[in-house]
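Chemist: One structure follows; several queries about it will come next.
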Amino acid sequence: MKIVTTAIASLLAAVGLAPVAAQDVQVIHAGNVIRDAASGLEGPSTITIEDGRIVSIAPGLQPATDGAVLVDLSAKTVMPGLIDLHVHLDGNPGGDFRDAAVDTDEYATLLGAANARTTLAAGFTTVRDLGSAPQSMFALRRATTEGVLPGPRIVASGPPLAIVGGHGDVSGFAPHVTEVLDTGFTCTGPVECMEKVRLAAQNGSDWIKITATGGVLSQQGRGLEAHFTNPEMAAIVEAAGAVGLNVAAHAHGARGIEAAARAGIVTIEHGTYLDREAAEAMRANGTVLVPTLMAFQGVTERLGTGVFTPTVEAKVREVSDIAQVFMRRAVEWGVPIAFGTDAGVFEHGRNAGEFALMMRQGMSSPDAVASATTAAARVLGMENEIGRLAPGYSADIIALDGNPLDDASLLEQVDWVMVRGRALDQAGD
């Protein structure tokens, strides 16, 4: 039996390496176990991992077999790794929008690598990145999959699809500069929008992200209602489905939310002005709300600091009040909800702050935990791979003090993380 010492693990983590190879047999002694949010808290247990997957979960602290690596978490609660359905790993808050004119894909990839490690250390073992530089997230997705860099499992959309001049398009520059900065993913009309979906799939997108309505942080100030037409959204969903992809829609205005749900879009990101009609459309179509409450908190924290242009400052103030109540309405109206934060709009690593905000708007602790585990895994179509602790599942595991089913805000302090059977030692931070 091998025991990973803190000094060795810290050294390996400091240079970005996992202290244990994923193919080694590992045995975790857990003080308490949460298999999933619906199963409750179990007592001392032994989790056996081989080739990066959970082999068994047995009651009590069983002796490790010869040659196995023993991880002693007997004073901790052990549970599935968390899932954030809305991040931007290659972005940080507070920058000047004109940075778009000087940033490169290479810089975005390096920034994304740093933020990926921070996100993993916070307990998030899977993220869906919904909007990045053209190639940064695809490169980082491969690096974290292969263990070249420490980071969560990445599901990536690449650049979002937007209307010309809308949220997600380049704006605020002289026309000749805008032309150079264009990512190539704006479209007008159903045929062109279908073409851009196919281009995204060709480039490596796992999901299609569209900006179905205006947005808060873009330099265009034409409101937060629908951008794409109904035929355009229907064409996007049809084209995505034909190549095996689902669609996520940034959407603030109620009619834009409703139209996106009726078009068959799987998740609504933000959902700020959700009303009963939009909620009914979401329920009828099984559309999931990803509320990103931390994003609203993050931008509100920067009001009056000079970070935002006057156009953006006005939009932040416009949404700041409704952001405090809209998810409560979604809970009351029975809208499906899954966890996502829009990290990058605020500082990476603060993702778990979303739990307290969700509970403040009427969600119970068990439901909040489920939103970031089993519910989020279903959104990704990975419910047989991640989101719970069970034999055959990926060894995506976190450990912390206390019982997050009683208070989900405890997840703001995660002490130990493993993704795909590779442990990250927090002492290496």
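Labels used: A, B, ... for chains in the order of the structure tokens, numbers from 1 for residues in each chain, and numbers from 1 for ligands as shown.
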Which residues are near Pro160 of chain A? Cut-off 10 Å, only C-alpha atoms, ignore same chain within fewer than 6 positions. Put them as JSON, numbers by chain.
Modeler: {"A": [130, 131, 132, 133, 134, 167, 168, 169, 183, 184, 185, 186, 196, 197, 200, 207, 208, 209, 210, 211, 248, 249, 250]}
Chemist: Limited to C-alpha atoms, could you put the picked residues into a file as a PDB file, in the first residue's frame?
Modeler:
```
ATOM      1  CA  LEU A 130     -20.214  29.041 -23.384  1.00  0.00           C
ATOM      2  CA  GLY A 131     -18.212  31.562 -25.349  1.00  0.00           C
ATOM      3  CA  SER A 132     -14.485  31.810 -25.903  1.00  0.00           C
ATOM      4  CA  ALA A 133     -11.839  32.816 -28.407  1.00  0.00           C
ATOM      5  CA  PRO A 134     -12.113  30.721 -31.591  1.00  0.00           C
ATOM      6  CA  HIS A 167     -24.824  40.900 -28.195  1.00  0.00           C
ATOM      7  CA  GLY A 168     -21.963  38.529 -28.943  1.00  0.00           C
ATOM      8  CA  ASP A 169     -20.858  40.433 -32.008  1.00  0.00           C
ATOM      9  CA  THR A 183     -15.095  35.999 -35.308  1.00  0.00           C
ATOM     10  CA  GLY A 184     -17.092  34.829 -38.317  1.00  0.00           C
ATOM     11  CA  PHE A 185     -20.098  33.610 -36.338  1.00  0.00           C
ATOM     12  CA  THR A 186     -22.722  36.277 -36.999  1.00  0.00           C
ATOM     13  CA  LYS A 196     -22.695  28.886 -39.009  1.00  0.00           C
ATOM     14  CA  VAL A 197     -23.922  25.990 -36.848  1.00  0.00           C
ATOM     15  CA  ALA A 200     -19.052  25.545 -35.352  1.00  0.00           C
ATOM     16  CA  TRP A 207     -22.656  22.760 -27.887  1.00  0.00           C
ATOM     17  CA  ILE A 208     -24.017  25.658 -29.887  1.00  0.00           C
ATOM     18  CA  LYS A 209     -24.350  28.916 -27.948  1.00  0.00           C
ATOM     19  CA  ILE A 210     -26.497  31.725 -29.340  1.00  0.00           C
ATOM     20  CA  THR A 211     -27.267  35.189 -28.013  1.00  0.00           C
ATOM     21  CA  ALA A 248     -27.911  27.010 -25.253  1.00  0.00           C
ATOM     22  CA  ALA A 249     -29.366  30.503 -25.498  1.00  0.00           C
ATOM     23  CA  HIS A 250     -28.273  33.637 -23.676  1.00  0.00           C
TER      24      HIS A 250
END
```
Chemist: Hey, what's within 6 Å of segment 336-348 of chain A if we count only C-alpha atoms and toss same-chain stuff fewer than 3 positions away? As JSON, numbers by chain, please?
Modeler: {"A": [84, 85, 86, 87, 88, 91, 92, 93, 288, 289, 290, 292, 294, 295, 298, 371, 372, 375, 376]}
Chemist: Identify, with DSSP run on backbone atoms, the residues in segment 251-401 of chain A assigned to helix (DSSP H, G or I), and express the list as number ranges by chain.
Modeler: A: 254-263, 276-285, 293-301, 310-320, 322-324, 326-332, 353-360, 365-371, 374-379
Chemist: Could you write out that same residue set with C-alpha atoms as a short mmCIF file (atom, residue, chain, number, x, y, z; two decimals), in the first residue's frame?
Modeler:
```cif
data_model
loop_
_atom_site.label_atom_id
_atom_site.label_comp_id
_atom_site.auth_asym_id
_atom_site.auth_seq_id
_atom_site.Cartn_x
_atom_site.Cartn_y
_atom_site.Cartn_z
CA ALA A 254 -39.33 37.31 -21.67
CA ARG A 255 -40.36 37.06 -25.31
CA GLY A 256 -36.86 36.01 -26.30
CA ILE A 257 -36.93 33.34 -23.59
CA GLU A 258 -40.33 32.11 -24.75
CA ALA A 259 -39.30 31.99 -28.41
CA ALA A 260 -36.09 30.11 -27.60
CA ALA A 261 -37.98 27.53 -25.55
CA ARG A 262 -40.55 27.00 -28.32
CA ALA A 263 -37.74 26.56 -30.84
CA ARG A 276 -45.53 33.23 -16.70
CA GLU A 277 -45.87 32.82 -20.46
CA ALA A 278 -42.15 32.22 -20.86
CA ALA A 279 -42.15 29.84 -17.87
CA GLU A 280 -45.02 27.86 -19.38
CA ALA A 281 -43.12 27.53 -22.65
CA MET A 282 -40.05 26.31 -20.77
CA ARG A 283 -42.03 23.73 -18.79
CA ALA A 284 -43.84 22.51 -21.89
CA ASN A 285 -40.59 22.00 -23.78
CA LEU A 293 -26.89 34.70 -10.20
CA MET A 294 -23.20 35.22 -9.46
CA ALA A 295 -22.86 37.10 -12.74
CA PHE A 296 -25.45 39.64 -11.63
CA GLN A 297 -23.72 39.98 -8.27
CA GLY A 298 -20.34 40.36 -9.95
CA VAL A 299 -21.38 43.17 -12.27
CA THR A 300 -23.33 44.94 -9.52
CA GLU A 301 -20.17 44.95 -7.36
CA PRO A 310 -21.89 54.52 -19.74
CA THR A 311 -23.84 52.20 -22.08
CA VAL A 312 -23.03 49.12 -20.02
CA GLU A 313 -23.41 50.90 -16.67
CA ALA A 314 -27.00 51.82 -17.59
CA LYS A 315 -27.83 48.20 -18.47
CA VAL A 316 -26.31 46.85 -15.25
CA ARG A 317 -28.47 49.23 -13.24
CA GLU A 318 -31.50 48.18 -15.30
CA VAL A 319 -31.19 44.50 -14.31
CA SER A 320 -29.82 44.82 -10.76
CA ILE A 322 -34.90 42.03 -11.02
CA ALA A 323 -31.81 39.84 -10.58
CA GLN A 324 -32.67 39.57 -6.87
CA PHE A 326 -36.42 36.29 -10.91
CA MET A 327 -35.17 32.81 -9.95
CA ARG A 328 -37.65 32.70 -7.07
CA ARG A 329 -40.40 33.07 -9.66
CA ALA A 330 -38.90 30.23 -11.69
CA VAL A 331 -38.91 28.00 -8.59
CA GLU A 332 -42.53 28.88 -7.83
CA GLY A 353 -21.08 31.51 -4.22
CA GLU A 354 -24.03 30.69 -6.50
CA PHE A 355 -25.41 28.23 -3.91
CA ALA A 356 -26.16 30.88 -1.29
CA LEU A 357 -27.80 33.09 -3.92
CA MET A 358 -29.97 30.21 -5.14
CA MET A 359 -31.10 29.43 -1.61
CA ARG A 360 -31.82 33.10 -1.02
CA SER A 365 -29.97 23.00 -0.04
CA PRO A 366 -30.56 19.49 -1.44
CA ASP A 367 -32.05 20.95 -4.63
CA ALA A 368 -29.15 23.37 -4.95
CA VAL A 369 -26.66 20.50 -4.62
CA ALA A 370 -28.65 18.48 -7.17
CA SER A 371 -28.63 21.43 -9.57
CA THR A 374 -27.34 15.19 -11.13
CA ALA A 375 -29.42 17.93 -12.80
CA ALA A 376 -26.42 19.48 -14.55
CA ALA A 377 -25.20 16.04 -15.65
CA ARG A 378 -28.60 15.40 -17.30
CA VAL A 379 -28.36 18.69 -19.19
#
```
Chemist: Rounded to one decimal place, report the atom CA of Phe228 of chain A-atom CA of Ala212 of chain A distance in Å.
Modeler: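 Interatomic distance here is 5.6 Å.
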Chemist: Mind giving me the straight-line distance from atom CA of Ser218 of chain A to atom CA of Ala251 of chain A in Å, one decimal?
Modeler: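 Distance reported for this atom pair: 13.5 Å.
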Chemist: From the options A:Ala113, A:Thr144, A:Gly94, A:Ala239, which residue's atoms come nearest to Gly306 of chain A, counting only C-alpha atoms?
Modeler: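 Under the stated criterion, the closest residue is A:Gly94.
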